[in-house]
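As stored in data_8.cif (mmCIF, C-alpha atoms):
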```cif
data_input
loop_
_atom_site.label_atom_id
_atom_site.label_comp_id
_atom_site.auth_asym_id
_atom_site.auth_seq_id
_atom_site.Cartn_x
_atom_site.Cartn_y
_atom_site.Cartn_z
CA MET B 998 60.41 69.56 141.07
CA LYS B 999 62.11 66.16 141.09
CA LEU B 1000 60.78 65.55 144.59
CA LEU B 1001 57.19 66.27 143.48
CA LEU B 1002 57.60 63.95 140.49
CA PHE B 1003 58.97 61.22 142.78
CA LEU B 1004 56.02 61.57 145.19
CA PHE B 1005 53.57 61.50 142.29
CA ILE B 1006 55.05 58.25 140.94
CA CYS B 1007 55.04 56.69 144.41
CA THR B 1008 51.37 57.63 144.86
CA ILE B 1009 50.44 56.01 141.53
CA GLN B 1010 52.35 52.83 142.45
CA LEU B 1011 50.67 52.67 145.86
CA LYS B 1012 47.22 53.01 144.30
CA GLU B 1013 48.00 50.27 141.80
CA ALA B 1014 49.30 48.01 144.57
CA CYS B 1015 46.10 48.50 146.56
CA ALA B 1016 43.71 48.64 143.59
CA GLN B 1017 40.68 46.42 143.84
CA GLN B 1018 40.31 43.74 141.20
CA LYS B 1019 36.84 42.42 140.34
CA TRP B 1020 36.45 38.64 140.54
CA ASN B 1021 33.56 36.27 139.84
CA PHE B 1022 33.46 33.47 142.43
CA GLN B 1023 31.26 30.40 142.38
CA ILE B 1024 30.23 29.13 145.81
CA SER B 1025 29.10 25.50 146.19
CA PHE B 1026 28.01 23.62 149.29
CA GLU B 1027 29.77 20.31 149.86
CA ASN B 1028 26.48 18.38 150.19
CA ASN B 1029 25.63 19.52 146.63
CA ALA B 1030 22.24 20.83 147.80
CA ILE B 1031 22.82 24.44 146.66
CA GLY B 1032 24.99 26.09 144.06
CA PRO B 1033 27.06 27.08 142.35
CA ILE B 1034 26.16 30.61 143.50
CA ASN B 1035 27.78 33.33 141.39
CA THR B 1036 29.21 36.06 143.61
CA ILE B 1037 31.15 39.20 142.77
CA LEU B 1038 34.09 39.83 145.12
CA TYR B 1039 36.75 42.52 145.04
CA LEU B 1040 40.32 41.37 145.60
CA GLU B 1041 42.80 43.75 147.17
CA GLN B 1042 46.38 42.55 147.68
CA LYS B 1043 49.33 44.37 149.17
CA GLN B 1044 52.59 42.42 149.44
CA ASP B 1045 51.78 39.22 151.36
CA HIS B 1046 48.31 40.24 152.57
CA PHE B 1047 44.93 40.27 150.85
CA THR B 1048 41.23 40.87 151.38
CA LEU B 1049 38.17 39.78 149.41
CA ASN B 1050 34.93 41.77 149.78
CA SER B 1051 31.52 41.72 148.19
CA ALA B 1052 30.07 44.96 146.77
CA LYS B 1053 29.28 47.78 149.18
CA ASN B 1054 25.72 48.41 150.40
CA GLY B 1055 24.44 44.93 149.64
CA ASP B 1056 22.31 45.19 152.78
CA SER B 1057 20.68 48.41 151.52
CA ARG B 1058 19.75 46.79 148.22
CA ILE B 1059 18.22 43.80 150.01
CA TYR B 1060 16.67 45.23 153.18
CA GLY B 1061 16.27 48.91 152.29
CA THR B 1062 18.09 51.92 153.74
CA ILE B 1063 16.24 52.13 157.07
CA TRP B 1064 16.49 48.44 158.03
CA SER B 1065 20.08 48.12 156.87
CA THR B 1066 21.09 51.20 158.88
CA LEU B 1067 19.47 49.77 162.01
CA GLY B 1068 21.08 46.40 161.33
CA ARG B 1069 24.54 47.96 161.12
CA LEU B 1070 23.99 49.99 164.32
CA LYS B 1071 22.98 46.82 166.20
CA GLY B 1072 25.91 44.86 164.77
CA LEU B 1073 23.64 42.45 162.91
CA LEU B 1074 24.96 43.54 159.51
CA PRO B 1075 28.56 44.26 158.49
CA LYS B 1076 29.99 47.75 158.05
CA LYS B 1077 29.53 49.30 154.61
CA GLY B 1078 27.05 46.53 153.83
CA LYS B 1079 29.65 44.06 152.59
CA LEU B 1080 27.72 40.81 153.03
CA LEU B 1081 30.65 38.51 152.34
CA ARG B 1082 34.35 39.04 153.00
CA ILE B 1083 37.66 37.36 153.69
CA ASP B 1084 39.75 39.30 156.21
CA GLU B 1085 43.22 38.85 157.66
CA GLY B 1086 44.29 37.17 154.44
CA ASN B 1087 47.87 35.93 154.21
CA VAL B 1088 49.76 34.91 151.07
CA ILE B 1089 52.51 32.29 151.09
CA HIS B 1090 54.48 32.00 147.83
CA LEU B 1091 54.94 28.32 146.97
CA SER B 1092 56.47 28.53 143.51
CA GLU B 1093 56.43 30.65 140.37
CA GLY B 1094 52.83 31.75 139.83
CA VAL B 1095 51.46 29.63 142.71
CA ASP B 1096 50.43 31.05 146.11
CA SER B 1097 48.80 29.52 149.16
CA LEU B 1098 46.04 31.66 150.72
CA PHE B 1099 44.72 31.75 154.29
CA GLY B 1100 42.11 34.01 155.86
CA LYS B 1101 38.94 34.47 157.91
CA PHE B 1102 35.71 34.20 155.92
CA TYR B 1103 32.61 36.01 157.16
CA THR B 1104 28.99 36.28 156.12
CA PRO B 1105 25.94 36.93 158.37
CA LEU B 1106 24.42 33.59 157.31
CA ILE B 1107 27.15 31.34 158.76
CA GLY B 1108 29.40 33.68 160.76
CA TYR B 1109 33.18 33.25 160.72
CA LYS B 1110 34.87 30.28 159.05
CA GLN B 1111 38.45 29.49 158.12
CA PHE B 1112 39.40 29.91 154.47
CA LYS B 1113 42.20 27.99 152.76
CA GLY B 1114 42.94 28.30 149.08
CA ILE B 1115 45.39 28.24 146.20
CA ARG B 1116 46.02 30.97 143.65
CA LYS B 1117 47.39 29.83 140.29
CA GLU B 1118 47.96 32.59 137.78
CA MET B 1119 44.46 33.97 137.09
CA SER B 1120 42.36 31.65 139.27
CA ILE B 1121 41.65 31.05 142.95
CA SER B 1122 40.17 27.88 144.41
CA GLY B 1123 39.62 27.10 148.06
CA SER B 1124 37.31 25.90 150.81
CA LEU B 1125 35.67 27.09 154.01
CA PHE B 1126 36.26 24.87 157.01
CA ASN B 1127 34.16 24.19 160.07
CA GLY B 1128 36.94 22.84 162.26
CA ASN B 1129 38.70 20.31 160.03
CA LYS B 1130 35.66 19.68 157.82
CA SER B 1131 35.29 21.38 154.45
CA ILE B 1132 31.73 22.71 154.12
CA ILE B 1133 31.81 25.13 151.19
CA SER B 1134 34.05 25.41 148.12
CA LEU B 1135 34.94 28.60 146.21
CA LYS B 1136 36.32 28.97 142.70
CA GLY B 1137 37.00 32.33 141.07
CA HIS B 1138 38.57 34.23 138.22
CA PRO B 1139 38.97 37.96 137.43
CA VAL B 1140 36.38 39.65 135.23
CA GLU B 1141 36.09 42.89 133.30
CA ASN B 1142 34.87 45.95 135.22
CA ASP B 1143 31.74 46.22 133.06
CA PHE B 1144 30.76 42.58 133.74
CA ASP B 1145 27.26 42.31 135.22
CA PHE B 1146 24.66 39.58 135.79
CA ASN B 1147 21.20 40.07 134.33
CA TYR B 1148 18.21 39.24 136.52
CA ILE B 1149 15.56 41.15 134.60
CA GLY B 1150 12.45 39.01 134.16
CA LEU B 1151 13.16 36.64 137.06
CA SER B 1152 10.30 37.91 139.24
CA ALA B 1153 7.85 37.70 136.30
CA ARG B 1154 8.81 34.06 135.69
CA ILE B 1155 8.44 33.29 139.40
CA ASN B 1156 5.00 34.88 139.44
CA ASP B 1157 3.77 33.11 136.28
CA THR B 1158 5.11 29.70 137.30
CA THR B 1159 3.67 29.97 140.80
CA LYS B 1160 0.22 30.93 139.52
CA LYS B 1161 0.23 28.00 137.12
CA TYR B 1162 1.28 25.22 139.48
CA ILE B 1163 0.54 26.20 143.10
CA TYR B 1164 -2.05 23.99 144.76
CA ASN B 1165 -4.46 26.89 145.35
CA PRO B 1166 -4.20 29.98 143.07
CA GLU B 1167 -6.64 31.84 145.32
CA LEU B 1168 -3.79 32.31 147.80
CA LEU B 1169 -2.06 34.64 145.33
CA LYS B 1170 -4.96 37.01 144.74
CA ASP B 1171 -4.38 39.13 147.82
CA LYS B 1172 -2.44 42.40 147.81
CA GLN B 1173 0.48 40.93 149.76
CA TRP B 1174 1.56 38.56 146.99
CA LYS B 1175 1.34 41.30 144.35
CA LYS B 1176 3.37 43.61 146.59
CA ARG B 1177 6.10 40.99 146.99
CA ILE B 1178 6.42 40.58 143.21
CA ILE B 1179 6.44 44.33 142.54
CA LYS B 1180 9.21 44.85 145.08
CA MET B 1181 11.22 42.01 143.59
CA GLN B 1182 10.86 43.54 140.12
CA ARG B 1183 12.47 46.71 141.45
CA PHE B 1184 15.21 44.77 143.19
CA GLU B 1185 16.20 42.63 140.20
CA LYS B 1186 17.28 45.79 138.34
CA LYS B 1187 19.94 46.61 140.96
CA ALA B 1188 20.99 43.15 142.22
CA VAL B 1189 24.73 42.61 141.92
CA ASP B 1190 24.99 38.82 142.04
CA ASP B 1191 23.26 35.51 142.83
CA LEU B 1192 23.98 35.82 146.54
CA GLU B 1193 22.03 39.06 146.80
CA VAL B 1194 19.13 37.54 144.85
CA LEU B 1195 18.98 34.53 147.17
CA LEU B 1196 19.13 36.67 150.31
CA TYR B 1197 16.43 38.96 148.95
CA ALA B 1198 14.19 36.00 148.08
CA MET B 1199 14.60 34.57 151.58
CA ARG B 1200 13.27 37.85 152.93
CA ALA B 1201 10.61 38.43 150.26
CA PHE B 1202 8.98 35.02 150.66
CA GLN B 1203 8.85 34.93 154.45
CA ASN B 1204 5.55 34.53 156.30
CA LEU B 1205 3.59 33.15 153.36
CA PRO B 1206 0.23 31.54 154.14
CA PHE B 1207 1.66 28.19 153.00
CA SER B 1208 4.83 26.16 153.49
CA HIS B 1209 7.33 24.55 151.09
CA TYR B 1210 8.15 27.63 149.02
CA GLY B 1211 11.47 29.19 148.13
CA LEU B 1212 14.01 30.15 145.49
CA GLN B 1213 17.00 27.90 144.92
CA ILE B 1214 20.09 27.88 142.71
CA LEU B 1215 20.89 24.48 141.25
CA GLY B 1216 23.50 23.49 138.72
CA LYS B 1217 23.14 21.07 135.84
CA ASN B 1218 21.31 17.86 136.85
CA GLN B 1219 21.11 18.92 140.50
CA ALA B 1220 17.32 19.18 140.43
CA GLU B 1221 17.11 15.54 139.38
CA GLN B 1222 19.75 14.52 141.92
CA LEU B 1223 17.78 16.08 144.76
CA LEU B 1224 14.94 13.66 144.02
CA LEU B 1225 17.21 10.64 144.26
CA ALA B 1226 17.00 8.58 147.42
CA SER B 1227 19.75 9.10 149.98
CA SER B 1228 21.26 6.53 152.33
CA ASN B 1229 22.13 6.08 156.00
CA ASN B 1230 18.93 7.78 157.12
CA VAL B 1231 18.10 5.34 159.94
CA ILE B 1232 20.14 4.52 163.04
CA CYS B 1233 19.13 1.87 165.56
CA LYS B 1234 20.37 1.70 169.15
CA GLU B 1235 19.48 -1.14 171.48
CA ILE B 1236 18.53 -0.06 175.01
CA ASP B 1237 18.13 -3.61 176.31
CA SER B 1238 16.83 -6.96 175.05
CA ASN B 1239 13.27 -5.61 175.02
CA THR B 1240 13.68 -2.07 173.71
CA VAL B 1241 15.29 -0.45 170.67
CA VAL B 1242 15.45 3.20 169.58
CA MET B 1243 15.08 3.76 165.84
CA GLU B 1244 16.23 7.28 164.87
CA VAL B 1245 14.85 8.26 161.48
CA LYS B 1246 16.86 11.33 160.44
CA SER B 1247 15.00 11.60 157.14
CA PHE B 1248 12.47 9.77 155.00
CA GLY B 1249 14.68 10.54 152.02
CA GLY B 1250 15.87 6.94 151.70
CA GLU B 1251 14.70 4.04 149.60
CA LYS B 1252 12.10 1.44 150.50
CA ASP B 1253 14.82 -1.20 150.66
CA GLU B 1254 16.70 0.69 153.37
CA MET B 1255 13.59 0.87 155.58
CA ASP B 1256 12.72 -2.78 154.90
CA GLY B 1257 16.22 -3.84 155.88
CA VAL B 1258 16.05 -1.97 159.19
CA PHE B 1259 12.78 -3.64 160.15
CA THR B 1260 14.15 -7.07 159.18
CA GLU B 1261 16.95 -6.59 161.70
CA ILE B 1262 14.57 -5.28 164.38
CA LEU B 1263 12.28 -8.30 164.00
CA LYS B 1264 15.22 -10.71 164.28
CA HIS B 1265 15.89 -9.50 167.83
CA GLY B 1266 12.28 -9.84 168.96
CA TYR B 1267 12.03 -6.45 170.69
CA LYS B 1268 8.83 -5.67 172.59
CA ASN B 1269 9.22 -1.89 172.46
CA LEU B 1270 10.07 0.24 169.44
CA ILE B 1271 10.85 3.92 170.08
CA VAL B 1272 10.88 5.85 166.79
CA ASP B 1273 12.70 9.18 167.05
CA LEU B 1274 11.31 11.63 164.49
CA ARG B 1275 12.55 14.75 166.24
CA ASN B 1276 14.14 17.20 163.78
CA ASN B 1277 13.14 14.99 160.83
CA SER B 1278 12.19 17.49 158.11
CA GLY B 1279 10.50 14.90 155.90
CA GLY B 1280 11.50 13.13 152.72
CA GLY B 1281 9.58 11.11 150.18
CA VAL B 1282 6.95 8.48 149.56
CA ASP B 1283 9.47 5.62 149.18
CA ALA B 1284 10.64 5.28 152.78
CA GLY B 1285 7.60 6.97 154.35
CA LEU B 1286 5.05 4.41 153.17
CA ALA B 1287 7.45 1.53 153.80
CA PHE B 1288 7.78 2.69 157.41
CA GLY B 1289 4.01 2.75 157.91
CA ASN B 1290 3.56 -0.60 156.18
CA HIS B 1291 5.71 -2.33 158.82
CA LEU B 1292 3.51 -1.06 161.67
CA THR B 1293 -0.07 -1.78 160.57
CA ASP B 1294 -1.92 -5.07 160.22
CA LYS B 1295 -4.65 -3.57 158.03
CA ASP B 1296 -5.01 -1.05 155.20
CA ILE B 1297 -4.86 2.48 156.59
CA ASN B 1298 -5.92 5.63 154.79
CA VAL B 1299 -3.00 8.06 155.13
CA GLY B 1300 -4.93 10.95 153.60
CA TYR B 1301 -5.71 12.93 150.44
CA PHE B 1302 -3.47 15.13 148.28
CA VAL B 1303 -5.37 17.70 146.20
CA THR B 1304 -4.07 19.88 143.35
CA ASN B 1305 -5.23 23.16 141.79
CA LYS B 1306 -7.31 21.16 139.30
CA TRP B 1307 -9.44 20.02 142.23
CA VAL B 1308 -9.55 23.46 143.87
CA SER B 1309 -10.73 25.09 140.62
CA ASN B 1310 -13.54 22.53 140.23
CA PRO B 1311 -16.23 23.45 142.83
CA SER B 1312 -18.30 20.36 142.07
CA GLN B 1313 -15.47 18.11 143.22
CA GLN B 1314 -14.54 19.92 146.42
CA LYS B 1315 -14.93 17.81 149.55
CA ASN B 1316 -15.55 14.76 147.35
CA PHE B 1317 -12.33 13.03 148.43
CA GLU B 1318 -13.60 9.53 147.78
CA SER B 1319 -13.40 10.13 144.02
CA PHE B 1320 -9.58 10.11 144.20
CA SER B 1321 -7.71 7.08 142.94
CA VAL B 1322 -5.29 5.36 145.27
CA SER B 1323 -1.72 6.18 144.28
CA THR B 1324 0.04 3.27 142.65
CA SER B 1325 3.47 4.87 142.84
CA ILE B 1326 6.09 3.70 145.31
CA THR B 1327 8.53 6.52 144.52
CA THR B 1328 8.42 10.26 145.15
CA THR B 1329 9.12 11.03 141.48
CA GLY B 1330 6.22 8.85 140.38
CA PHE B 1331 3.87 10.34 142.99
CA ILE B 1332 4.70 13.92 141.90
CA ALA B 1333 4.06 12.92 138.28
CA GLU B 1334 0.63 11.56 139.29
CA LEU B 1335 -0.25 14.81 141.06
CA LYS B 1336 0.77 17.00 138.11
CA GLN B 1337 -1.72 15.16 135.90
CA SER B 1338 -4.69 14.79 138.24
CA GLU B 1339 -7.03 16.48 140.69
CA GLY B 1340 -5.56 14.46 143.52
CA ARG B 1341 -4.53 11.12 144.95
CA LYS B 1342 -5.24 8.99 148.01
CA LEU B 1343 -2.42 7.26 149.90
CA LEU B 1344 -2.72 3.96 151.71
CA CYS B 1345 -0.44 2.06 154.07
CA LYS B 1346 -0.72 -1.67 153.46
CA PRO B 1347 0.52 -4.38 155.84
CA SER B 1348 4.00 -5.69 155.18
CA ALA B 1349 4.99 -9.33 155.58
CA ASP B 1350 7.56 -8.19 158.18
CA LEU B 1351 5.22 -6.59 160.73
CA PHE B 1352 6.32 -5.23 164.10
CA ARG B 1353 3.63 -6.17 166.64
CA GLY B 1354 5.06 -4.69 169.84
CA ASN B 1355 4.57 -1.32 171.52
CA VAL B 1356 5.37 1.67 169.32
CA TYR B 1357 6.31 5.13 170.62
CA LEU B 1358 6.87 8.14 168.36
CA LEU B 1359 9.01 11.09 169.49
CA ILE B 1360 8.17 14.39 167.75
CA ASN B 1361 8.97 18.10 168.05
CA ASN B 1362 8.38 21.40 166.24
CA LYS B 1363 10.91 20.40 163.56
CA THR B 1364 9.15 17.15 162.72
CA ALA B 1365 7.72 18.08 159.33
CA SER B 1366 6.34 17.18 155.92
CA THR B 1367 6.30 13.42 155.22
CA CYS B 1368 6.45 12.70 158.94
CA GLU B 1369 3.20 14.48 159.74
CA PRO B 1370 0.58 12.38 157.91
CA ILE B 1371 2.34 9.24 159.15
CA VAL B 1372 2.30 10.46 162.75
CA TYR B 1373 -1.35 11.47 162.39
CA ALA B 1374 -2.35 8.10 160.93
CA LEU B 1375 -0.49 6.05 163.55
CA LYS B 1376 -1.87 8.22 166.34
CA THR B 1377 -5.53 8.21 165.27
CA ASN B 1378 -5.48 4.47 164.55
CA LYS B 1379 -4.03 3.79 168.03
CA ILE B 1380 -0.97 2.09 166.55
CA ALA B 1381 1.53 4.31 168.35
CA THR B 1382 1.76 6.58 171.37
CA VAL B 1383 3.04 10.00 170.35
CA ILE B 1384 5.26 11.93 172.78
CA GLY B 1385 6.87 15.36 172.56
CA GLU B 1386 5.82 18.67 171.02
CA ASN B 1387 3.46 19.74 168.24
CA THR B 1388 4.89 19.03 164.77
CA ALA B 1389 5.94 21.80 162.37
CA GLY B 1390 2.74 22.08 160.34
CA ALA B 1391 4.66 22.04 157.05
CA MET B 1392 2.55 19.51 155.20
CA LEU B 1393 2.26 20.14 151.47
CA SER B 1394 3.60 18.21 148.50
CA ALA B 1395 6.17 20.27 146.60
CA ALA B 1396 8.09 20.14 143.32
CA LEU B 1397 10.89 22.08 141.61
CA PHE B 1398 10.36 24.32 138.57
CA ASN B 1399 13.06 26.08 136.57
CA VAL B 1400 12.33 29.82 136.23
CA LYS B 1401 15.55 31.31 134.78
CA ASP B 1402 19.03 29.95 134.11
CA ASN B 1403 20.04 28.09 137.30
CA PHE B 1404 17.20 29.56 139.39
CA TRP B 1405 14.48 27.17 140.50
CA ILE B 1406 11.32 27.67 142.52
CA TYR B 1407 10.39 25.01 145.07
CA MET B 1408 6.64 25.23 145.53
CA PRO B 1409 3.67 23.25 146.88
CA ILE B 1410 1.65 21.66 144.10
CA ALA B 1411 -0.75 19.69 146.33
CA ASP B 1412 -2.53 20.38 149.58
CA TYR B 1413 -3.06 17.63 152.12
CA TYR B 1414 -6.14 16.53 154.07
CA THR B 1415 -6.26 13.80 156.70
CA PRO B 1416 -8.80 10.98 156.36
CA ASP B 1417 -11.15 12.99 158.61
CA LYS B 1418 -10.80 16.04 156.28
CA THR B 1419 -8.39 18.03 158.48
CA ARG B 1420 -5.60 20.22 157.03
CA LEU B 1421 -2.22 19.92 158.72
CA ASP B 1422 -0.29 22.72 156.99
CA GLN B 1423 0.30 25.64 159.37
CA VAL B 1424 -1.35 23.47 162.09
CA GLY B 1425 0.68 20.32 162.70
CA VAL B 1426 -0.03 17.21 164.76
CA SER B 1427 -0.35 17.33 168.53
CA PRO B 1428 1.22 14.58 170.69
CA ASP B 1429 -0.67 12.25 173.01
CA LEU B 1430 1.72 13.27 175.78
CA VAL B 1431 3.19 16.78 175.80
CA VAL B 1432 6.85 16.63 176.84
CA PRO B 1433 9.75 19.04 176.07
CA SER B 1434 11.67 17.75 173.06
CA ASP B 1435 14.96 17.19 174.86
CA GLN B 1436 13.22 15.17 177.59
CA ALA B 1437 11.02 12.99 175.37
CA LEU B 1438 13.31 9.95 175.10
CA ASP B 1439 14.02 9.79 178.84
CA TYR B 1440 10.30 10.16 179.50
CA VAL B 1441 9.45 7.16 177.30
CA LEU B 1442 12.22 5.00 178.73
CA LYS B 1443 10.98 5.71 182.25
CA MET B 1444 7.40 4.96 181.16
CA ILE B 1445 8.48 1.59 179.72
CA GLU B 1446 10.48 0.79 182.85
CA GLU B 1447 7.46 1.46 185.07
CA LYS B 1448 5.24 -0.76 182.92
CA GLU B 1449 7.64 -3.66 183.18
#
```
Now that the file is in, can you turn its structure into structure tokens?
Amino acid sequence: MKLLLFLFICTIQLKEACAQQKWNFQISFENNAIGPINTILYLEQKQDHFTLNSAKNGDSRIYGTIWSTLGRLKGLLPKKGKLLRIDEGNVIHLSEGVDSLFGKFYTPLIGYKQFKGIRKEMSISGSLFNGNKSIISLKGHPVENDFDFNYIGLSARINDTTKKYIYNPELLKDKQWKKRIIKMQRFEKKAVDDLEVLLYAMRAFQNLPFSHYGLQILGKNQAEQLLLASSNNVICKEIDSNTVVMEVKSFGGEKDEMDGVFTEILKHGYKNLIVDLRNNSGGGVDAGLAFGNHLTDKDINVGYFVTNKWVSNPSQQKNFESFSVSTSITTTGFIAELKQSEGRKLLCKPSADLFRGNVYLLINNKTASTCEPIVYALKTNKIATVIGENTAGAMLSAALFNVKDNFWIYMPIADYYTPDKTRLDQVGVSPDLVVPSDQALDYVLKMIEEKE
């Protein structure tokens, strides 16, 4: 009898030692572009080892039973559908109530990363590392077992907001859009945390007939911060006294940054300017127009941006010349103009610091958004020779709208037409010379060498 009692007590103690504790973690990306993402993880600690796992069957909730089963069988999704976990966790006791944590973090989105953290009483904070660089931070605390997030109504807000502001409401009248919203309404009732909602939205809004659309999670003031100009977007490398390569990683910078780069280029008197726009996903009006202004000696029509007010007014359709020329020199100002009008016309106007040499543009299938009307304008006006691959065809003007709590929808509020009335979204811009992306720079350098 005593032996049975002893075994019973030991069993209870073992279960308590291995019991899972529910924690709410907030995940934030170091570049401040996304987050904090609320995620439920289950902590299990035994002596000096621990694991952290997301809820079971997350893949089934997101992808459905059939697709999740196939994904697990092919090794594309984790066992038991735990979409986020920290394995091989080790605990090092530093002092009373303070532990150092180490482990291997895994999620299908980014694979395996190293986790390092600190546990102080009832909180854990740490980071994921790519090599020696911290890329994602985690902060968590335990929660009650009956704690749940509420996502009811999110899909309805997404649907209503999209219908109100999208550049062409006709795109939402087909059965496919309605089906997406209905499925999301079912999902929001069983979603466990923000991570599952984001992953579901990524799947639900794939293959839309338009670009620049998606669900995001942004903390306080992040939406405004995303519209602020960034820096260090342009890198120049001299090839020789006649040729310079100007790599534009993004048009997310300010006008002053672009002006300063051209001032330096003109000081050296280069004859050849190679502008590398490969993998440039776009940016804003500020740097984009400034770039074009330094390359043209006359006013150039960059194209027309039309909103749903124009689309819903049949008498105005195709009457692009009625649009006023935008007077804004910032992205924020341009978006504000579009929200209050049927459309706007953009012009590049000659800058005092004008580059008059040979211009070559390198593009590929990741050259997108702001880049595309500029490439089209410089190509059709014979200002630059365009080399590489067809651009992405992601040319719409988009804005952020809050739909629930920290959830925001990024959506296109204006369509774009070139000066000759051509749409670029889902089409892109073709190069003058088709060359594989990774060979484009060498191709141009050889072409310049042969000319000289």
Correct to one decimal, the distance atom CA of Glu1235 of chain B-atom CA of Tyr1267 of chain B is 9.2 Å
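The nearest approach to Thr1364 of chain B among the residues B:Pro1416, B:Gly1385, B:Gly1061, B:Pro1347, with all atoms listed in the file taken into account, belongs to B:Gly1385.
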Hey, what comes out of the PyMOL selection byres ((chain B and resi 1277-1287) around 9) on this file? Could you write it as a PyMOL selection string? chain B and resi 1224+1226+1245-1256+1273-1276+1288-1291+1325-1329+1331+1343-1346+1348+1360-1361+1363-1369+1371+1389+1391
Using all atoms listed in the file, what residues lie at most 12 Å away from (6.9, -0.5, 180.8) (file coordinates), given as a PyMOL selection string? chain B and resi 1239-1240+1268-1270+1354-1357+1440-1449
Nearest residue to Lys1161 of chain B out of B:Lys1306, B:Ile1380, B:Ile1107, B:Arg1353, using all atoms listed in the file? B:Lys1306
Using all atoms listed in the file - which residues lie no farther than 12 Å from the point (53.7, 33.9, 149.3) in the file's frame? Write them as a ChimeraX atom specification. /B:1042-1047,1086-1099,1115-1117
May I have the residues within 10 Å of Lys1110 of chain B as a PyMOL selection string, using only C-alpha atoms and disregarding those fewer than 4 positions away in the same chain? chain B and resi 1083+1100-1104+1124-1128+1132-1133
Residues returned when the PyMOL selection byres ((chain B and resi 1214) around 7) runs on this file, as a list in words: Ile1031, Gly1032, Ile1034, Gln1213, Leu1215, Gly1216, Asn1403, Phe1404 and Trp1405 of chain B
Separation of atom CA of Asp1412 of chain B and atom CA of Trp1307 of chain B, in Å? 10.1 Å
Option closest in space to Gly1211 of chain B, from B:Pro1409, B:Gly1300, B:Gly1123, B:Gly1425 [counting all atoms listed in the file]: B:Pro1409
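For the residues B:Ile1163, B:Val1308, B:Gly1340, B:Ala1381, ranking by smallest atom-to-atom distance to Ser1321 of chain B using only C-alpha atoms places B:Gly1340 first.
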Contact residues around Asn1362 of chain B with all atoms listed in the file at 7 Å, ignoring same-chain residues under 4 positions, as a PDB file with C-alpha atoms, in the coordinates of the input:
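Contents of part-v6.pdb, as written:
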```pdb
ATOM      1  CA  GLU B1386       5.820  18.670 171.020  1.00  0.00           C
ATOM      2  CA  ASN B1387       3.460  19.740 168.240  1.00  0.00           C
ATOM      3  CA  THR B1388       4.890  19.030 164.770  1.00  0.00           C
ATOM      4  CA  ALA B1389       5.940  21.800 162.370  1.00  0.00           C
TER       5      ALA B1389
END
```
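For the atom pair formed by atom CA of Trp1020 of chain B and atom CA of Phe1112 of chain B, the distance is 16.7 Å, given to one decimal.
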Output of the PyMOL selection byres ((chain B and resi 1338) around 10), listed as a short mmCIF file (atom, residue, chain, number, x, y, z; two decimals) with C-alpha atoms, keeping the file's coordinate frame:
```
data_model
loop_
_atom_site.label_atom_id
_atom_site.label_comp_id
_atom_site.auth_asym_id
_atom_site.auth_seq_id
_atom_site.Cartn_x
_atom_site.Cartn_y
_atom_site.Cartn_z
CA VAL B 1303 -5.37 17.70 146.20
CA THR B 1304 -4.07 19.88 143.35
CA ASN B 1305 -5.23 23.16 141.79
CA LYS B 1306 -7.31 21.16 139.30
CA TRP B 1307 -9.44 20.02 142.23
CA PHE B 1320 -9.58 10.11 144.20
CA SER B 1321 -7.71 7.08 142.94
CA ALA B 1333 4.06 12.92 138.28
CA GLU B 1334 0.63 11.56 139.29
CA LEU B 1335 -0.25 14.81 141.06
CA LYS B 1336 0.77 17.00 138.11
CA GLN B 1337 -1.72 15.16 135.90
CA GLU B 1339 -7.03 16.48 140.69
CA GLY B 1340 -5.56 14.46 143.52
CA ARG B 1341 -4.53 11.12 144.95
#
```
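The shell of residues at most 10 Å from Leu1205 of chain B, with only C-alpha atoms counted and near chain neighbours (fewer than 6 positions) removed, consists of B:Leu1168, B:Leu1169, B:Gln1173, B:Trp1174.
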Step by step, gather every atom of segment 1437-1440 of chain B that the file lists, find the box along x, y and z that holds them, add 3 Å on each side, and finally give centre and edge lengths in Å to one decimal, as AutoDock Vina command-line options.
```
--center_x 12.2 --center_y 11.4 --center_z 177.3 --size_x 9.7 --size_y 9.2 --size_z 10.4
```
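Compared by their closest atoms to Phe1352 of chain B, and using only C-alpha atoms, the residues B:Lys1079, B:Arg1177, B:Lys1264, B:Lys1172 rank with B:Lys1264 nearest.
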Residues within 9 Å of Leu1151 of chain B, all atoms listed in the file, excluding chain neighbours under 3 positions, as a PyMOL selection string: chain B and resi 1148+1154-1156+1181-1182+1185+1400-1401+1404
